[in-house]
Amino acid sequence: MIFNNRVDVFEENRRLREELEQEKRFRKEWQERCLKLEKELHEVKTILNRILNPNTPSSQIPDTEKNTALSPNRNPSGTKPRGKPLGANGGARKRPKKIDKKEYAICKKCPNCGSNDLKHIETEEAYVWDLPVIKLIITLFYIFIYRCNKCRKIVRGTHPDLPKNGMIGSHLAAFLTEVRHNFAASYEKLSDFLKNLTGETFTQQAIKDCIARTASQLTPKYKEIQDGIIQELVINSDETRWPINGKRHYLWLLHSMKYVFISINKSRGRKVITDILGDFYKGVIISDCLAVYRSFAAAFQKCWAHLLRKTFYLKIKNPHADICKLHQQLSKLYDDAEKYRKMELTESERIWTGIRLIQTLQRITYHKWKSKEAKGIVDNWLKEYEGQWLVGVFIPEAELTNNKDERGIRKVIPTRKMLGGHRTKEGADDFAIIESNRQTWRLEEKSPYAELLYYLQEENEKAVA
């Protein structure tokens with residue numbers, strides 16, 4: 001009986017070996033699946049970090065993420081009502097000083113019952129702003145040709161409204177330039193728009209040549225802007241990619257109190273900005289922490305907006321780490337520095353305030369932080385650019401953020417998004433010349449269209465003189 005129930009050792013070993021082999025196969029399959037999933041997860045995180053990071057432009061942030069880590073200062077949607085607050089004065093326009101024409105709105109019969117027995121009891125006033133019928137004015141110029149009896153050369157007659165080249169006058173040239181730059185319009189759309197508006201049509205090449213001539217006329221003023229910005233005490237600087245015929249170039253924008261200067265170059269290196277400002281700039285450069293902004297200026301002010309956005313992003317990802325405390329302390333220090341920068345202080349008060357804030361920043365910098373996120377901020381930002389975070393406290397003209405320059409770049413971004421940059425280097429240079437003048441005029445609180453028109457007419461009058 002016992003003999004009959006004895007287990008066959010060899011059979012049991014065979015069965016156990018098969019189970020072991022099967023377990024090994026399952027383990028290997030699951031290991032391969034895990035490795036594959038880990039690889040896919042790493043790839044997804046890499047792509048996500050490219051799209052969503054502290055330096056992501058607000059225009060590229062998905063709507064679902066607008067009010068999260070990437071936008072620390074943004075209020076939740078709907079928390080700020082539109083329009084003026086309750087109790088504020090009305091938003092109606094002021095009574096116009098000049099009336100172009102008067103019309104009378106009358107009623108001959110009652111719209112309710114149809115009766116003609118109406119009695120005038122009161123008169124209301126309503127001002128309506130409208131455009132006249134827009135049409136092109138075509139002028140025929142008889143150009144007199146002369147021969148000089150002294151030098152025997154042929155000369156042509158001139159007129160203030162006669163352009164040197166082409167058939168597009170000053171008003172239309174200023175209009176086309178403003179529409180193209182203000183709305184990032186292509187030459188094709190400009191041609192269609194003009195036809196729909198006036199019934200007249202111009203080829204895309206004719207419009208392109210017109211805008212190129214406008215840029216050429218503005219070149220001397222563009223050089224004046226470059227010469228003027230070098231003399232400024234404080235300059236904000238930033239750059240962004242700018243494709244030319246599909247190849248990567250960079251648009252540089254320098255913003256001071258008086259001027260905006262734009263240059264489009266193939267390089268993102270420091271030589272670009274030193275070619276503009278010289279090998280040593282005697283003022284303050286406000287910028288982000290790009291490596292090119294080193295040792296060519298008397299002083300540098302780094303952007304606190306970039307720093308706080310980075311710490312806020314890390315704080316959201318690591319809510320239990322000491323990066324949260326670091327972000328809180330840096331935010332308070334920034335608020336204090338900005339408050340004192342805007343205050344009217346004597347020179348000694350400003351110096352002592354700056355020293356006190358520097359000591360506070362040093363205590364934050366050399367605190368023994370534990371998390372790798374906090375250590376990374378301290379080592380790669382605070383220590384790397386030590387002495388460049390509170391310059392604005394001593395020189396109040398230097399803002400603590402580079403927002404002014406980024407707002408200037410935001411004005412030209414539609415051209416890159418809608419048109420994909422430029423096809424030729426000449427077109428990019430023309431864009432930089434015109435846009436530098438337009439943004440400089442806006443900085444002076446002037447109308448770019450009116451100033452451009454005045455400048456083009458003035459250049460024509462100089463040619464006549």
# chains A, B, ... in the order shown; residues from 1 in each chain; ligands from 1

call {"tool": "residues_around", "arguments": {"residues": "range 440-446 of chain A", "least_positions_apart": "3", "cutoff": "12 Å", "atoms": "only C-alpha atoms", "output": "NGL selection string"}}
result
:A and (221-222 or 224-226 or 228-229 or 253-262 or 404 or 408 or 411 or 432-437 or 449-452 or 454-455)

call {"tool": "residues_around", "arguments": {"residues": "Gln204 in chain A", "least_positions_apart": "6", "cutoff": "7 Å", "atoms": "only C-alpha atoms", "output": "PyMOL selection string"}}
result
chain A and resi 187-188+191

call {"tool": "select_by_dssp", "arguments": {"residues": "range 91-308 of chain A", "states": "strand (DSSP E or B)", "output": "number ranges by chain"}}
result
A: 145-147, 154-156, 234-241, 244, 247, 250-255, 260-265, 281-287, 297-302

call {"tool": "select_by_dssp", "arguments": {"residues": "range 268-389 of chain A", "states": "alpha helix (DSSP H)", "output": "PyMOL selection string"}}
result
chain A and resi 270-277+304-317+323-342+347-365+372-377

call {"tool": "residues_around", "arguments": {"residues": "Asp279 in chain A", "least_positions_apart": "6", "cutoff": "12 Å", "atoms": "only C-alpha atoms", "output": "JSON, numbers by chain"}}
result
{"A": [230, 270, 271, 272, 273, 294, 295, 296, 297, 298]}

call {"tool": "residues_around", "arguments": {"residues": "Ile285 in chain A", "least_positions_apart": "2", "cutoff": "12 Å", "atoms": "only C-alpha atoms", "output": "PyMOL selection string"}}
result
chain A and resi 229-230+232-238+254-256+273-274+277+280-283+287-289+292-303+388-389+391-392+395+397-402+405

call {"tool": "residues_around", "arguments": {"residues": "Ala212 in chain A", "least_positions_apart": "5", "cutoff": "9 Å", "atoms": "only C-alpha atoms", "output": "ChimeraX atom specification"}}
result
/A:207,217,426-427,430-431

call {"tool": "write_last_selection", "arguments": {"atoms": "C-alpha atoms", "output": "tab-separated table (two decimals), in the first residue's frame"}}
result
chain	number	residue	atom	x	y	z
A	207	ILE	CA	3.06	95.36	-51.83
A	217	GLN	CA	13.50	105.00	-45.81
A	426	GLU	CA	16.27	90.87	-46.41
A	427	GLY	CA	12.62	90.51	-45.37
A	430	ASP	CA	13.10	95.03	-43.11
A	431	PHE	CA	10.79	93.69	-40.40

call {"tool": "atom_distance", "arguments": {"atom1": "CA of Arg423 in chain A", "atom2": "CA of Ala173 in chain A"}}
result
21.4 Å

call {"tool": "atom_distance", "arguments": {"atom1": "CA of Leu333 in chain A", "atom2": "CA of Ile409 in chain A"}}
result
27.7 Å

call {"tool": "residues_around", "arguments": {"residues": "Asp100 in chain A", "least_positions_apart": "3", "cutoff": "12 Å", "atoms": "only C-alpha atoms", "output": "ChimeraX atom specification"}}
result
/A:96-97,103,127-132

call {"tool": "residues_around", "arguments": {"residues": "range 175-181 of chain A", "least_positions_apart": "3", "cutoff": "8 Å", "atoms": "only C-alpha atoms", "output": "list of chain:residue names"}}
result
A:His171, A:Leu172, A:Ala184, A:Ala185, A:Ser186, A:Tyr187, A:Leu190, A:Ile207, A:Ile211, A:Thr214, A:Thr415, A:Glu435, A:Pro448, A:Tyr449

call {"tool": "write_last_selection", "arguments": {"atoms": "all heavy atoms", "output": "JSON list (two decimals), in the first residue's frame"}}
result
[["chain", "number", "residue", "atom", "x", "y", "z"],
["A", 171, "HIS", "N", 0.41, 107.70, -47.95],
["A", 171, "HIS", "CA", -0.71, 107.27, -47.10],
["A", 171, "HIS", "C", -0.96, 105.77, -47.24],
["A", 171, "HIS", "O", -1.14, 105.06, -46.24],
["A", 171, "HIS", "CB", -1.98, 108.04, -47.46],
["A", 171, "HIS", "CG", -1.98, 109.46, -47.00],
["A", 171, "HIS", "ND1", -1.33, 110.46, -47.68],
["A", 171, "HIS", "CD2", -2.56, 110.04, -45.91],
["A", 171, "HIS", "CE1", -1.51, 111.60, -47.05],
["A", 171, "HIS", "NE2", -2.24, 111.38, -45.97],
["A", 172, "LEU", "N", -0.98, 105.28, -48.48],
["A", 172, "LEU", "CA", -1.23, 103.86, -48.69],
["A", 172, "LEU", "C", -0.07, 103.02, -48.21],
["A", 172, "LEU", "O", -0.26, 101.92, -47.66],
["A", 172, "LEU", "CB", -1.50, 103.60, -50.18],
["A", 172, "LEU", "CG", -1.88, 102.16, -50.56],
["A", 172, "LEU", "CD1", -3.07, 101.68, -49.75],
["A", 172, "LEU", "CD2", -2.17, 102.06, -52.05],
["A", 184, "ALA", "N", -0.08, 90.80, -38.52],
["A", 184, "ALA", "CA", 0.71, 89.70, -39.08],
["A", 184, "ALA", "C", 0.09, 89.19, -40.38],
["A", 184, "ALA", "O", -0.10, 87.99, -40.59],
["A", 184, "ALA", "CB", 0.83, 88.55, -38.07],
["A", 185, "ALA", "N", -0.22, 90.13, -41.27],
["A", 185, "ALA", "CA", -0.89, 89.78, -42.52],
["A", 185, "ALA", "C", 0.13, 89.40, -43.58],
["A", 185, "ALA", "O", 1.17, 90.05, -43.73],
["A", 185, "ALA", "CB", -1.73, 90.96, -43.01],
["A", 186, "SER", "N", -0.17, 88.36, -44.34],
["A", 186, "SER", "CA", 0.67, 87.97, -45.45],
["A", 186, "SER", "C", 0.43, 88.92, -46.62],
["A", 186, "SER", "O", -0.57, 89.65, -46.67],
["A", 186, "SER", "CB", 0.38, 86.53, -45.87],
["A", 186, "SER", "OG", -0.95, 86.44, -46.38],
["A", 187, "TYR", "N", 1.34, 88.91, -47.60],
["A", 187, "TYR", "CA", 1.15, 89.76, -48.77],
["A", 187, "TYR", "C", -0.10, 89.35, -49.55],
["A", 187, "TYR", "O", -0.78, 90.20, -50.13],
["A", 187, "TYR", "CB", 2.39, 89.68, -49.67],
["A", 187, "TYR", "CG", 3.63, 90.23, -49.02],
["A", 187, "TYR", "CD1", 4.77, 89.44, -48.84],
["A", 187, "TYR", "CD2", 3.67, 91.54, -48.56],
["A", 187, "TYR", "CE1", 5.91, 89.95, -48.24],
["A", 187, "TYR", "CE2", 4.80, 92.06, -47.94],
["A", 187, "TYR", "CZ", 5.91, 91.26, -47.78],
["A", 187, "TYR", "OH", 7.03, 91.76, -47.17],
["A", 190, "LEU", "N", -3.01, 90.81, -47.65],
["A", 190, "LEU", "CA", -3.02, 92.26, -47.83],
["A", 190, "LEU", "C", -3.61, 92.63, -49.18],
["A", 190, "LEU", "O", -4.41, 93.58, -49.28],
["A", 190, "LEU", "CB", -1.59, 92.81, -47.71],
["A", 190, "LEU", "CG", -1.13, 93.29, -46.34],
["A", 190, "LEU", "CD1", 0.32, 93.72, -46.40],
["A", 190, "LEU", "CD2", -2.00, 94.44, -45.86],
["A", 207, "ILE", "N", 3.19, 95.03, -53.25],
["A", 207, "ILE", "CA", 3.06, 95.36, -51.83],
["A", 207, "ILE", "C", 4.37, 95.06, -51.11],
["A", 207, "ILE", "O", 4.82, 95.84, -50.25],
["A", 207, "ILE", "CB", 1.89, 94.58, -51.21],
["A", 207, "ILE", "CG1", 0.57, 95.01, -51.86],
["A", 207, "ILE", "CG2", 1.84, 94.79, -49.70],
["A", 207, "ILE", "CD1", -0.63, 94.20, -51.41],
["A", 211, "ILE", "N", 6.71, 97.83, -49.01],
["A", 211, "ILE", "CA", 7.13, 97.72, -47.60],
["A", 211, "ILE", "C", 8.66, 97.70, -47.51],
["A", 211, "ILE", "O", 9.25, 98.26, -46.58],
["A", 211, "ILE", "CB", 6.49, 96.48, -46.97],
["A", 211, "ILE", "CG1", 4.98, 96.68, -46.86],
["A", 211, "ILE", "CG2", 7.10, 96.19, -45.59],
["A", 211, "ILE", "CD1", 4.22, 95.52, -46.28],
["A", 214, "THR", "N", 9.71, 101.22, -47.73],
["A", 214, "THR", "CA", 9.43, 101.88, -46.45],
["A", 214, "THR", "C", 10.53, 101.59, -45.44],
["A", 214, "THR", "O", 11.00, 102.49, -44.73],
["A", 214, "THR", "CB", 8.07, 101.41, -45.91],
["A", 214, "THR", "OG1", 7.04, 101.72, -46.85],
["A", 214, "THR", "CG2", 7.75, 102.08, -44.58],
["A", 415, "THR", "N", 3.65, 87.32, -35.86],
["A", 415, "THR", "CA", 4.26, 87.19, -37.18],
["A", 415, "THR", "C", 4.95, 85.84, -37.32],
["A", 415, "THR", "O", 4.88, 85.20, -38.38],
["A", 415, "THR", "CB", 5.27, 88.33, -37.41],
["A", 415, "THR", "OG1", 4.58, 89.58, -37.37],
["A", 415, "THR", "CG2", 5.97, 88.18, -38.75],
["A", 435, "GLU", "N", 9.68, 97.41, -37.25],
["A", 435, "GLU", "CA", 9.13, 97.13, -35.92],
["A", 435, "GLU", "C", 9.87, 97.88, -34.83],
["A", 435, "GLU", "O", 9.27, 98.28, -33.83],
["A", 435, "GLU", "CB", 9.16, 95.62, -35.66],
["A", 435, "GLU", "CG", 8.36, 95.18, -34.45],
["A", 435, "GLU", "CD", 6.88, 95.48, -34.56],
["A", 435, "GLU", "OE1", 6.35, 95.58, -35.68],
["A", 435, "GLU", "OE2", 6.24, 95.62, -33.49],
["A", 448, "PRO", "N", 1.92, 104.84, -34.27],
["A", 448, "PRO", "CA", 2.88, 104.37, -35.28],
["A", 448, "PRO", "C", 2.46, 104.74, -36.70],
["A", 448, "PRO", "O", 3.30, 105.10, -37.52],
["A", 448, "PRO", "CB", 2.89, 102.85, -35.07],
["A", 448, "PRO", "CG", 2.49, 102.66, -33.66],
["A", 448, "PRO", "CD", 1.50, 103.75, -33.38],
["A", 449, "TYR", "N", 1.15, 104.67, -36.99],
["A", 449, "TYR", "CA", 0.70, 105.00, -38.34],
["A", 449, "TYR", "C", 0.93, 106.47, -38.63],
["A", 449, "TYR", "O", 1.47, 106.84, -39.68],
["A", 449, "TYR", "CB", -0.79, 104.66, -38.48],
["A", 449, "TYR", "CG", -1.39, 105.22, -39.76],
["A", 449, "TYR", "CD1", -1.15, 104.60, -40.98],
["A", 449, "TYR", "CD2", -2.19, 106.35, -39.74],
["A", 449, "TYR", "CE1", -1.69, 105.11, -42.16],
["A", 449, "TYR", "CE2", -2.73, 106.87, -40.91],
["A", 449, "TYR", "CZ", -2.48, 106.24, -42.11],
["A", 449, "TYR", "OH", -3.00, 106.75, -43.27]]

call {"tool": "atom_distance", "arguments": {"atom1": "CA of Ser263 in chain A", "atom2": "CA of Arg248 in chain A"}}
result
14.2 Å
